[in-house]
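upload_1.cif follows (mmCIF, C-alpha atoms and all ligand atoms):
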```
data_start
#
loop_
_atom_site.label_atom_id
_atom_site.label_comp_id
_atom_site.auth_asym_id
_atom_site.auth_seq_id
_atom_site.Cartn_x
_atom_site.Cartn_y
_atom_site.Cartn_z
CA MET V 28 -2.66 -30.72 29.95
CA PRO V 29 -4.07 -27.43 28.65
CA LYS V 30 -4.20 -27.24 24.91
CA HIS V 31 -1.71 -24.72 23.64
CA ARG V 32 -3.30 -22.36 21.14
CA LEU V 33 -1.24 -20.09 19.01
CA SER V 34 -2.60 -16.62 18.44
CA GLN V 35 -3.59 -15.70 14.92
CA HIS V 36 -0.74 -13.29 14.38
CA THR V 37 1.80 -15.83 15.59
CA LYS V 38 0.39 -18.27 13.05
CA ILE V 39 0.60 -15.67 10.29
CA PHE V 40 4.17 -14.92 11.29
CA ILE V 41 5.06 -18.60 11.13
CA GLY V 42 3.45 -18.74 7.68
CA LEU V 43 5.54 -15.81 6.55
CA ALA V 44 8.80 -17.21 7.90
CA ALA V 45 8.11 -20.68 6.50
CA GLY V 46 7.22 -19.23 3.09
CA VAL V 47 10.41 -17.18 2.89
CA ALA V 48 12.66 -20.00 4.11
CA LEU V 49 11.16 -22.70 1.87
CA GLY V 50 11.11 -20.33 -1.11
CA LEU V 51 14.80 -19.53 -0.75
CA VAL V 52 15.71 -23.19 -0.31
CA CYS V 53 13.69 -24.17 -3.40
CA ASN V 54 15.26 -21.37 -5.38
CA ALA V 55 18.75 -22.44 -4.38
CA PHE V 56 18.34 -26.15 -5.06
CA PHE V 57 15.48 -26.66 -7.49
CA SER V 58 15.27 -23.56 -9.64
CA ASP V 59 16.20 -25.57 -12.76
CA TYR V 60 13.47 -28.13 -12.20
CA PRO V 61 10.36 -27.66 -14.37
CA GLU V 62 8.36 -29.31 -11.56
CA LEU V 63 8.99 -26.32 -9.32
CA ASP V 64 7.70 -23.97 -11.97
CA TRP V 65 4.64 -26.20 -12.48
CA LEU V 66 3.96 -26.31 -8.76
CA LEU V 67 4.30 -22.58 -8.43
CA ARG V 68 2.09 -21.83 -11.38
CA ASN V 69 -0.64 -24.37 -10.74
CA VAL V 70 -0.81 -24.86 -7.02
CA ILE V 71 0.97 -22.38 -4.83
CA ALA V 72 0.43 -19.08 -6.65
CA PRO V 73 -3.30 -19.82 -7.19
CA PHE V 74 -3.68 -20.67 -3.52
CA GLY V 75 -2.18 -17.33 -2.58
CA GLN V 76 -4.59 -15.73 -5.05
CA ILE V 77 -7.61 -17.36 -3.41
CA PHE V 78 -6.70 -15.67 -0.15
CA LEU V 79 -6.14 -12.31 -1.85
CA ARG V 80 -9.31 -12.48 -3.92
CA ILE V 81 -11.59 -13.22 -0.98
CA ILE V 82 -10.34 -10.03 0.61
CA PHE V 83 -10.37 -8.06 -2.63
CA MET V 84 -14.00 -8.91 -3.25
CA ALA V 85 -14.90 -7.29 0.04
CA VAL V 86 -12.88 -4.11 -0.43
CA ILE V 87 -15.36 -2.12 -2.53
CA PRO V 88 -18.32 -2.55 -0.15
CA LEU V 89 -15.91 -1.99 2.75
CA ILE V 90 -14.69 1.32 1.38
CA PHE V 91 -18.24 2.45 0.66
CA SER V 92 -19.68 1.52 4.03
CA ALA V 93 -16.65 2.56 6.10
CA LEU V 94 -16.36 6.00 4.56
CA ALA V 95 -20.06 6.79 4.47
CA LEU V 96 -20.43 5.66 8.08
CA GLY V 97 -17.21 7.39 9.10
CA VAL V 98 -18.57 10.69 7.83
CA ALA V 99 -22.03 10.13 9.25
CA GLU V 100 -20.51 9.31 12.65
CA LEU V 101 -18.60 12.57 12.65
CA GLY V 102 -22.01 14.06 12.97
CA ASP V 103 -21.62 17.54 11.61
CA VAL V 104 -20.14 19.13 8.57
CA ARG V 105 -17.75 21.38 10.47
CA GLN V 106 -16.14 18.44 12.18
CA LEU V 107 -15.81 16.71 8.83
CA GLY V 108 -14.13 19.77 7.34
CA ARG V 109 -11.70 19.97 10.25
CA ILE V 110 -10.77 16.30 10.24
CA GLY V 111 -10.58 16.28 6.44
CA ALA V 112 -8.23 19.26 6.42
CA LYS V 113 -6.03 17.73 9.13
CA THR V 114 -5.88 14.43 7.27
CA LEU V 115 -4.89 16.18 4.07
CA ALA V 116 -2.21 18.28 5.80
CA ILE V 117 -0.72 15.27 7.57
CA THR V 118 -0.77 13.24 4.36
CA LEU V 119 1.08 15.93 2.44
CA LEU V 120 3.59 16.40 5.26
CA LEU V 121 4.37 12.69 5.70
CA THR V 122 4.51 12.11 1.93
CA GLY V 123 6.73 15.15 1.41
CA VAL V 124 9.19 14.02 4.09
CA SER V 125 9.22 10.54 2.61
CA VAL V 126 9.99 11.76 -0.91
CA PHE V 127 12.67 14.08 0.46
CA ILE V 128 14.39 11.17 2.25
CA GLY V 129 14.35 9.03 -0.90
CA MET V 130 15.59 11.80 -3.19
CA THR V 131 18.40 12.74 -0.81
CA LEU V 132 19.57 9.15 -0.57
CA VAL V 133 19.44 8.45 -4.29
CA ASN V 134 21.28 11.69 -5.07
CA THR V 135 23.98 10.92 -2.52
CA VAL V 136 24.54 7.22 -3.11
CA ARG V 137 23.90 7.43 -6.88
CA PRO V 138 23.17 3.68 -7.20
CA GLY V 139 22.53 3.94 -10.96
CA GLU V 140 26.12 4.85 -11.66
CA GLY V 141 27.94 2.26 -9.63
CA LEU V 142 27.13 -0.79 -11.78
CA SER V 143 29.79 -2.79 -13.58
CA ASP V 144 29.48 -3.37 -17.33
CA THR V 145 28.48 -6.99 -16.90
CA GLU V 146 25.77 -6.06 -14.42
CA ARG V 147 24.51 -3.43 -16.80
CA GLN V 148 24.46 -5.89 -19.68
CA SER V 149 22.61 -8.54 -17.76
CA LEU V 150 20.01 -6.03 -16.59
CA MET V 151 19.60 -4.60 -20.07
CA SER V 152 18.92 -8.06 -21.41
CA THR V 153 15.81 -8.25 -19.26
CA ILE V 154 14.30 -5.18 -20.91
CA SER V 155 11.63 -5.23 -23.55
CA THR V 156 10.03 -8.43 -22.48
CA SER V 157 6.28 -8.66 -22.82
CA THR V 158 5.65 -7.76 -19.18
CA VAL V 159 7.47 -4.50 -19.65
CA GLN V 160 5.45 -3.74 -22.75
CA THR V 161 2.24 -4.35 -20.87
CA ALA V 162 3.32 -1.92 -18.17
CA VAL V 163 4.13 0.69 -20.80
CA GLN V 164 0.79 0.11 -22.46
CA ARG V 165 -0.99 0.21 -19.15
CA ALA V 166 0.44 3.63 -18.50
CA GLY V 167 -1.55 4.62 -21.57
CA GLU V 168 -2.08 8.19 -22.48
CA ALA V 169 -1.24 10.75 -19.84
CA LYS V 170 -4.26 12.64 -18.63
CA SER V 171 -4.12 16.36 -18.04
CA ILE V 172 -4.11 17.51 -14.42
CA VAL V 173 -7.52 19.13 -14.85
CA GLN V 174 -8.98 15.91 -16.21
CA THR V 175 -7.39 13.88 -13.42
CA LEU V 176 -8.94 16.13 -10.81
CA LEU V 177 -12.28 16.19 -12.56
CA ASP V 178 -12.34 12.40 -12.74
CA ILE V 179 -12.33 12.25 -8.95
CA ILE V 180 -15.97 13.33 -9.15
CA PRO V 181 -17.65 10.29 -10.66
CA LYS V 182 -20.31 10.40 -13.36
CA ASN V 183 -21.16 6.85 -12.58
CA PRO V 184 -19.83 5.56 -9.26
CA LEU V 185 -20.59 1.99 -10.25
CA ALA V 186 -18.33 2.26 -13.30
CA ASP V 187 -15.58 3.57 -11.04
CA ALA V 188 -16.12 0.75 -8.59
CA VAL V 189 -15.81 -1.71 -11.46
CA GLY V 190 -12.60 -0.10 -12.69
CA ALA V 191 -11.13 0.38 -9.21
CA PHE V 192 -8.47 -2.35 -9.41
CA ASP V 193 -7.86 -2.18 -13.14
CA GLU V 194 -4.76 -0.20 -14.08
CA THR V 195 -6.01 0.31 -17.64
CA TYR V 196 -9.12 2.08 -16.38
CA ARG V 197 -8.83 5.73 -17.27
CA GLY V 198 -11.52 7.18 -14.99
CA GLY V 199 -11.17 8.20 -11.37
CA GLY V 200 -11.40 4.61 -10.06
CA ILE V 201 -11.07 4.14 -6.36
CA LEU V 202 -10.65 7.87 -5.61
CA ALA V 203 -13.96 8.52 -7.36
CA LEU V 204 -15.63 5.77 -5.37
CA MET V 205 -14.29 7.37 -2.21
CA PHE V 206 -15.63 10.73 -3.29
CA PHE V 207 -19.07 9.22 -3.81
CA SER V 208 -18.98 7.46 -0.43
CA LEU V 209 -17.96 10.65 1.35
CA PHE V 210 -20.79 12.46 -0.35
CA VAL V 211 -23.30 9.82 0.69
CA GLY V 212 -22.06 10.12 4.28
CA LEU V 213 -22.35 13.88 4.12
CA ALA V 214 -25.87 13.79 2.70
CA LEU V 215 -26.79 11.25 5.36
CA THR V 216 -25.66 13.69 8.03
CA LEU V 217 -27.60 16.55 6.49
CA ALA V 218 -30.80 14.59 5.87
CA ARG V 219 -31.30 12.97 9.24
CA SER V 220 -34.76 11.47 9.53
CA GLU V 221 -36.40 8.24 10.64
CA ARG V 222 -35.96 6.85 7.16
CA THR V 223 -32.29 7.68 6.88
CA VAL V 224 -31.68 6.05 10.24
CA VAL V 225 -32.76 2.81 8.60
CA PHE V 226 -30.26 3.41 5.83
CA GLU V 227 -27.51 4.12 8.34
CA GLN V 228 -28.29 0.87 10.12
CA TRP V 229 -28.20 -0.87 6.77
CA LEU V 230 -24.73 0.57 6.13
CA GLN V 231 -23.61 -0.61 9.55
CA GLY V 232 -25.01 -4.05 8.70
CA LEU V 233 -23.11 -4.07 5.42
CA TYR V 234 -19.93 -3.05 7.24
CA ASP V 235 -20.33 -5.86 9.78
CA VAL V 236 -20.99 -8.45 7.06
CA VAL V 237 -17.97 -7.37 5.07
CA MET V 238 -15.74 -7.48 8.13
CA LYS V 239 -17.00 -11.01 8.76
CA ILE V 240 -16.11 -12.07 5.21
CA ILE V 241 -12.66 -10.71 5.77
CA GLY V 242 -12.49 -12.45 9.13
CA VAL V 243 -13.08 -15.74 7.32
CA ALA V 244 -10.38 -14.91 4.79
CA MET V 245 -7.99 -14.12 7.62
CA LYS V 246 -8.42 -17.66 8.91
CA LEU V 247 -6.71 -18.65 5.69
CA ALA V 248 -4.08 -15.99 6.21
CA PRO V 249 -1.23 -18.13 7.61
CA TYR V 250 -1.39 -20.40 4.55
CA GLY V 251 -2.17 -17.61 2.10
CA VAL V 252 0.74 -15.55 3.36
CA ALA V 253 3.06 -18.54 3.13
CA ALA V 254 1.96 -19.22 -0.46
CA LEU V 255 2.38 -15.59 -1.52
CA VAL V 256 5.88 -15.13 -0.14
CA PHE V 257 6.95 -18.60 -1.24
CA THR V 258 5.99 -17.73 -4.82
CA VAL V 259 8.08 -14.57 -4.72
CA THR V 260 11.18 -15.98 -3.06
CA ALA V 261 11.21 -19.26 -5.00
CA ARG V 262 11.07 -17.36 -8.30
CA LEU V 263 13.38 -14.54 -7.37
CA GLY V 264 16.03 -15.97 -5.10
CA MET V 265 18.72 -13.54 -4.07
CA ASP V 266 20.52 -13.10 -7.42
CA VAL V 267 18.68 -10.10 -8.82
CA VAL V 268 18.53 -8.57 -5.39
CA VAL V 269 22.32 -8.71 -5.18
CA LEU V 270 22.71 -7.43 -8.73
CA LEU V 271 20.65 -4.36 -7.97
CA GLY V 272 22.09 -4.29 -4.46
CA LYS V 273 22.74 -0.58 -4.08
CA PHE V 274 19.37 0.38 -5.50
CA VAL V 275 17.58 -2.07 -3.21
CA LEU V 276 19.56 -0.76 -0.24
CA VAL V 277 18.71 2.84 -1.05
CA VAL V 278 15.00 2.03 -1.22
CA ILE V 279 14.98 -0.13 1.89
CA GLY V 280 17.21 2.39 3.72
CA GLY V 281 14.82 5.22 2.86
CA LEU V 282 11.81 3.19 3.95
CA LEU V 283 13.49 2.32 7.24
CA ILE V 284 14.39 5.95 7.94
CA GLN V 285 10.79 7.02 7.33
CA PHE V 286 9.50 4.12 9.43
CA PHE V 287 11.80 4.34 12.43
CA ILE V 288 12.71 8.02 12.46
CA THR V 289 9.87 10.05 10.93
CA TYR V 290 7.04 7.98 12.42
CA SER V 291 8.79 7.67 15.78
CA LEU V 292 9.22 11.44 15.96
CA VAL V 293 5.57 12.02 15.08
CA LEU V 294 4.41 9.44 17.61
CA ARG V 295 6.66 10.67 20.36
CA LEU V 296 6.34 14.42 19.83
CA ALA V 297 2.91 14.96 18.30
CA VAL V 298 0.95 12.00 19.64
CA GLY V 299 2.82 11.41 22.90
CA VAL V 300 2.99 7.61 22.79
CA SER V 301 5.93 5.23 22.80
CA PRO V 302 6.86 4.32 19.21
CA TRP V 303 8.02 0.87 20.31
CA LYS V 304 4.70 0.00 21.89
CA PHE V 305 3.03 1.29 18.73
CA PHE V 306 5.17 -0.82 16.38
CA ALA V 307 4.73 -3.91 18.55
CA ARG V 308 0.95 -3.66 18.22
CA LEU V 309 1.19 -3.39 14.47
CA GLU V 310 2.75 -6.81 13.93
CA GLU V 311 -0.30 -8.33 12.27
CA VAL V 312 -0.82 -5.31 10.04
CA ILE V 313 2.84 -5.28 9.00
CA ILE V 314 2.84 -8.97 8.10
CA THR V 315 -0.40 -8.64 6.14
CA ALA V 316 0.86 -5.60 4.21
CA PHE V 317 4.20 -7.24 3.52
CA SER V 318 2.82 -10.49 2.22
CA THR V 319 -0.11 -9.13 0.21
CA SER V 320 1.61 -6.02 -1.23
CA SER V 321 -1.68 -4.23 -1.11
CA SER V 322 -2.86 -1.39 1.12
CA ASN V 323 -6.44 -2.08 0.14
CA VAL V 324 -6.24 -5.71 1.16
CA THR V 325 -4.62 -4.68 4.43
CA LEU V 326 -7.31 -2.08 5.19
CA PRO V 327 -9.63 -4.35 7.22
CA THR V 328 -6.77 -5.59 9.40
CA ALA V 329 -5.53 -2.04 9.81
CA LEU V 330 -9.02 -0.89 10.86
CA ARG V 331 -9.40 -3.65 13.41
CA VAL V 332 -5.95 -3.22 14.96
CA THR V 333 -6.22 0.57 15.08
CA GLU V 334 -9.54 0.40 16.86
CA GLU V 335 -8.88 -2.55 19.14
CA LYS V 336 -5.22 -2.27 19.99
CA LEU V 337 -4.52 1.42 19.58
CA HIS V 338 -7.93 2.61 20.79
CA VAL V 339 -8.49 5.16 18.05
CA PRO V 340 -12.27 5.82 17.88
CA SER V 341 -13.94 4.31 14.83
CA ARG V 342 -15.26 7.65 13.59
CA ILE V 343 -11.65 8.74 13.06
CA SER V 344 -10.05 5.49 12.00
CA ARG V 345 -12.69 4.71 9.39
CA PHE V 346 -12.26 8.07 7.79
CA VAL V 347 -8.47 8.41 7.92
CA LEU V 348 -7.51 4.80 7.21
CA THR V 349 -9.99 4.23 4.41
CA LEU V 350 -8.99 7.39 2.59
CA GLY V 351 -5.34 6.77 3.43
CA SER V 352 -5.33 3.26 1.93
CA THR V 353 -5.27 4.99 -1.44
CA ALA V 354 -4.35 8.58 -0.76
CA ASN V 355 -1.57 8.37 1.82
CA GLN V 356 1.14 6.13 0.40
CA ASN V 357 4.45 7.28 1.81
CA GLY V 358 6.38 4.20 0.72
CA THR V 359 5.08 4.39 -2.83
CA ALA V 360 5.93 8.08 -3.11
CA LEU V 361 9.47 7.46 -1.85
CA TYR V 362 9.89 4.55 -4.24
CA GLU V 363 8.68 6.42 -7.29
CA GLY V 364 11.15 9.24 -6.74
CA VAL V 365 14.05 6.86 -6.18
CA VAL V 366 13.25 4.65 -9.18
CA VAL V 367 12.99 7.51 -11.61
CA LEU V 368 16.28 9.07 -10.52
CA PHE V 369 17.97 5.67 -10.43
CA LEU V 370 16.91 4.88 -13.99
CA ALA V 371 17.94 8.33 -15.17
CA GLN V 372 21.38 7.70 -13.66
CA PHE V 373 21.46 4.23 -15.18
CA PHE V 374 20.77 5.56 -18.69
CA GLY V 375 23.00 8.57 -18.25
CA VAL V 376 20.15 11.09 -18.55
CA ASN V 377 21.07 14.25 -16.67
CA LEU V 378 18.03 15.72 -15.03
CA THR V 379 17.83 19.48 -14.70
CA LEU V 380 16.68 20.98 -11.43
CA ALA V 381 13.28 21.66 -12.98
CA GLN V 382 13.02 18.02 -14.03
CA GLN V 383 13.97 16.88 -10.55
CA ALA V 384 11.26 19.14 -9.20
CA THR V 385 8.82 17.48 -11.62
CA VAL V 386 9.86 14.10 -10.22
CA VAL V 387 9.28 15.29 -6.65
CA LEU V 388 5.85 16.64 -7.50
CA ALA V 389 4.94 13.54 -9.48
CA ALA V 390 6.09 11.32 -6.61
CA VAL V 391 3.96 13.20 -4.09
CA LEU V 392 0.94 13.03 -6.39
CA ALA V 393 1.62 9.38 -7.11
CA GLY V 394 1.49 8.75 -3.37
CA ILE V 395 -2.03 10.15 -3.49
CA GLY V 396 -3.26 8.68 -6.75
CA THR V 397 -1.77 5.18 -6.89
CA ALA V 398 -4.20 2.33 -6.34
CA GLY V 399 -3.41 0.29 -3.23
CA VAL V 400 -2.93 -2.93 -5.19
CA PRO V 401 0.19 -5.00 -5.93
CA GLY V 402 2.34 -3.20 -8.48
CA GLY V 403 0.01 -0.19 -8.43
CA SER V 404 2.91 2.21 -8.89
CA LEU V 405 4.37 0.69 -12.04
CA PRO V 406 2.19 2.48 -14.62
CA VAL V 407 2.75 5.75 -12.78
CA ILE V 408 6.53 5.22 -12.87
CA VAL V 409 6.37 4.73 -16.64
CA LEU V 410 4.51 8.00 -16.98
CA VAL V 411 7.00 9.93 -14.88
CA LEU V 412 9.95 8.37 -16.71
CA GLN V 413 8.56 9.44 -20.05
CA SER V 414 7.87 12.93 -18.80
CA VAL V 415 11.54 13.47 -17.91
CA GLY V 416 12.88 11.96 -21.11
CA VAL V 417 13.78 8.44 -19.98
CA PRO V 418 12.19 5.68 -22.10
CA GLY V 419 9.29 4.01 -20.27
CA GLU V 420 10.72 0.58 -21.12
CA ALA V 421 13.61 1.37 -18.75
CA ILE V 422 11.38 0.15 -15.97
CA GLY V 423 12.33 -3.38 -17.05
CA VAL V 424 15.65 -2.91 -15.26
CA ILE V 425 14.01 -2.94 -11.85
CA PHE V 426 11.21 -5.43 -12.56
CA GLY V 427 13.11 -8.28 -10.99
CA VAL V 428 13.17 -6.65 -7.59
CA ASP V 429 9.93 -4.76 -7.77
CA ARG V 430 7.86 -7.32 -5.93
CA ILE V 431 10.14 -7.45 -2.89
CA LEU V 432 10.22 -3.66 -2.77
CA ASP V 433 6.46 -3.53 -3.32
CA MET V 434 6.01 -5.68 -0.23
CA SER V 435 8.27 -3.36 1.74
CA ARG V 436 6.76 -0.06 0.58
CA THR V 437 3.25 -1.32 1.26
CA VAL V 438 4.22 -1.79 4.93
CA LEU V 439 5.13 1.88 5.02
CA ASN V 440 1.99 2.93 3.19
CA VAL V 441 -0.19 1.30 5.81
CA THR V 442 1.90 2.32 8.83
CA GLY V 443 1.76 5.91 7.56
CA ASP V 444 -2.05 5.75 7.53
CA ILE V 445 -2.19 4.48 11.08
CA THR V 446 0.32 7.10 12.26
CA ALA V 447 -1.86 9.75 10.60
CA ALA V 448 -4.98 8.36 12.32
CA MET V 449 -3.22 8.51 15.70
CA TRP V 450 -2.16 12.08 15.07
CA VAL V 451 -5.64 13.19 13.98
CA ALA V 452 -7.18 11.43 17.01
CA LYS V 453 -4.75 13.11 19.38
CA SER V 454 -5.43 16.52 17.86
CA GLU V 455 -9.14 15.89 18.35
CA GLY V 456 -8.54 15.50 22.05
CA VAL V 457 -8.69 11.69 22.21
CA GLU V 458 -6.71 10.25 25.12
CA LEU V 459 -4.37 7.65 23.57
CA LYS V 460 -2.72 5.25 25.98
CA LEU V 461 -0.70 2.23 24.91
CA GLU V 462 -0.26 0.30 28.14
N1 LIG T 1 1.36 -2.05 -3.57
C1 LIG T 1 1.27 -0.71 -3.10
C2 LIG T 1 0.12 -0.62 -2.10
O1 LIG T 1 -0.86 -1.27 -2.21
C3 LIG T 1 1.11 0.29 -4.19
C4 LIG T 1 2.38 0.33 -5.00
O2 LIG T 1 3.29 1.09 -4.62
O3 LIG T 1 2.52 -0.39 -5.98
O4 LIG T 1 0.18 0.12 -1.16
#
```

Spit out the file's structure as structure tokens when you get a sec.
Ligand code: ASP
Amino acid sequence: MPKHRLSQHTKIFIGLAAGVALGLVCNAFFSDYPELDWLLRNVIAPFGQIFLRIIFMAVIPLIFSALALGVAELGDVRQLGRIGAKTLAITLLLTGVSVFIGMTLVNTVRPGEGLSDTERQSLMSTISTSTVQTAVQRAGEAKSIVQTLLDIIPKNPLADAVGAFDETYRGGGILALMFFSLFVGLALTLARSERTVVFEQWLQGLYDVVMKIIGVAMKLAPYGVAALVFTVTARLGMDVVVLLGKFVLVVIGGLLIQFFITYSLVLRLAVGVSPWKFFARLEEVIITAFSTSSSNVTLPTALRVTEEKLHVPSRISRFVLTLGSTANQNGTALYEGVVVLFLAQFFGVNLTLAQQATVVLAAVLAGIGTAGVPGGSLPVIVLVLQSVGVPGEAIGVIFGVDRILDMSRTVLNVTGDITAAMWVAKSEGVELKLE
């Protein structure tokens, strides 16, 4: 009898489903048992972390080699300028639409006002815990816009690489590292010689090695994914989700509209491919984004799937996806806008039109500047809250559901990058067929 082998993405899907189901069962029946807490803290959560960390450790060299090579492969500066400008325009368009959808929903449904007194009380009691304080601290001092922009050009790219995943780091972080990598790629294009060819091959070698490391980590993926989602669902259960029901529905509803309507329209009208075939090929990417809550961790899977299953040439996918993993976060932008307005409603703060405009702008910028790591948006939300006169600690109200929504918005962040890559490829005359 032939041995039946499950494909990797089927295994990951089984891991995801098993993690969710077991987590909910454990939450329902054993949430009072200290053993469950012990198991989560000492066995299951760390196992999930092993999987995440192996990928995380490869992300910095991946970003460096993918971007530098991506630019070098484009070959000439004019092409780089054109593709860069298109990527930026598409990013702003998709992010803008996303924020608009979220703001419209939250202004229509007004989820912050519909809560009963008991619900309000029980949510308020969660505020001002130590986690909230850390988030407020992490937000730190707001930097001026000029400084923020200046920090994108690194003084010391190594320092920015070191601070890339640290929310307390006040420099340019991952955006600065990307700037450096783009510059290296550009210089490589301009200084073509026998010696730089060796360097380019070295970069390609680094890229291949890093992808291999990630390939090994992905072998762990079915178990890692199960452990990560089990930890969330076993801790959370459905209680908080129900309590913040309307808010959760507004966020998820907005994400779904962007996913199924905006992306479908772009794919159908601008790219000319069937959205359903596109979504079906993204299964592995979607599961990885959902379970890891990190665009950066999902980047290698996104690169592979975009090149192998969607046939986008690597010179375009490396550039658009790598930049997009930090700079094009549609889900995060939508979420930030919704959260800030929700909390303003919750605390009865009436936002003027100018303040709402500040929120929109901040949300769009947050989509560009937020690190693609779990919970990356939280410090930014605190900053925006404070800037419109809502206490930063208010974020405690939504902490309970943040992880679930983080998982969901990350799916959108990554899908948005791939949609953008398809669009750029199409506009560059690439024939895209999804048979
Ligand atoms: N977790 C998100 C991402 O990596 C960022 C965030 O919204 O917190 O894409």

Closest of V:Gly264, V:Leu461, V:Pro302, V:Lys336 to V:Phe56, counting all atoms listed in the file, is V:Gly264

From the list V:Val259, V:Val457, V:Met434, V:Val236, the nearest residue to ligand LIG 1 (chain T) using all atoms listed in the file is V:Met434

Near-ligand residues for ligand LIG 1 (chain T), threshold 9 Å, only C-alpha atoms and all ligand atoms, as number ranges by chain: V: 316, 319-325, 352-353, 355-360, 362-363, 393-394, 397-405, 429-430, 432-441

Correct to one decimal, the distance atom CA of V:Glu420-atom CA of V:Gln148 is 15.3 Å

Name the residues, using the chain letters and numbers of the file, that sit within 10 Å of (-13.7, -12.3, 7.7) when counting all atoms listed in the file, and give them as a VMD selection string. chain V and resid 81 to 82 85 235 to 247 327 to 328

Review point. What does the distance from atom CA of V:Val104 to atom CA of V:Glu458 come to in Å, to one decimal?
Key: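 These atoms are spaced 23.1 Å apart.
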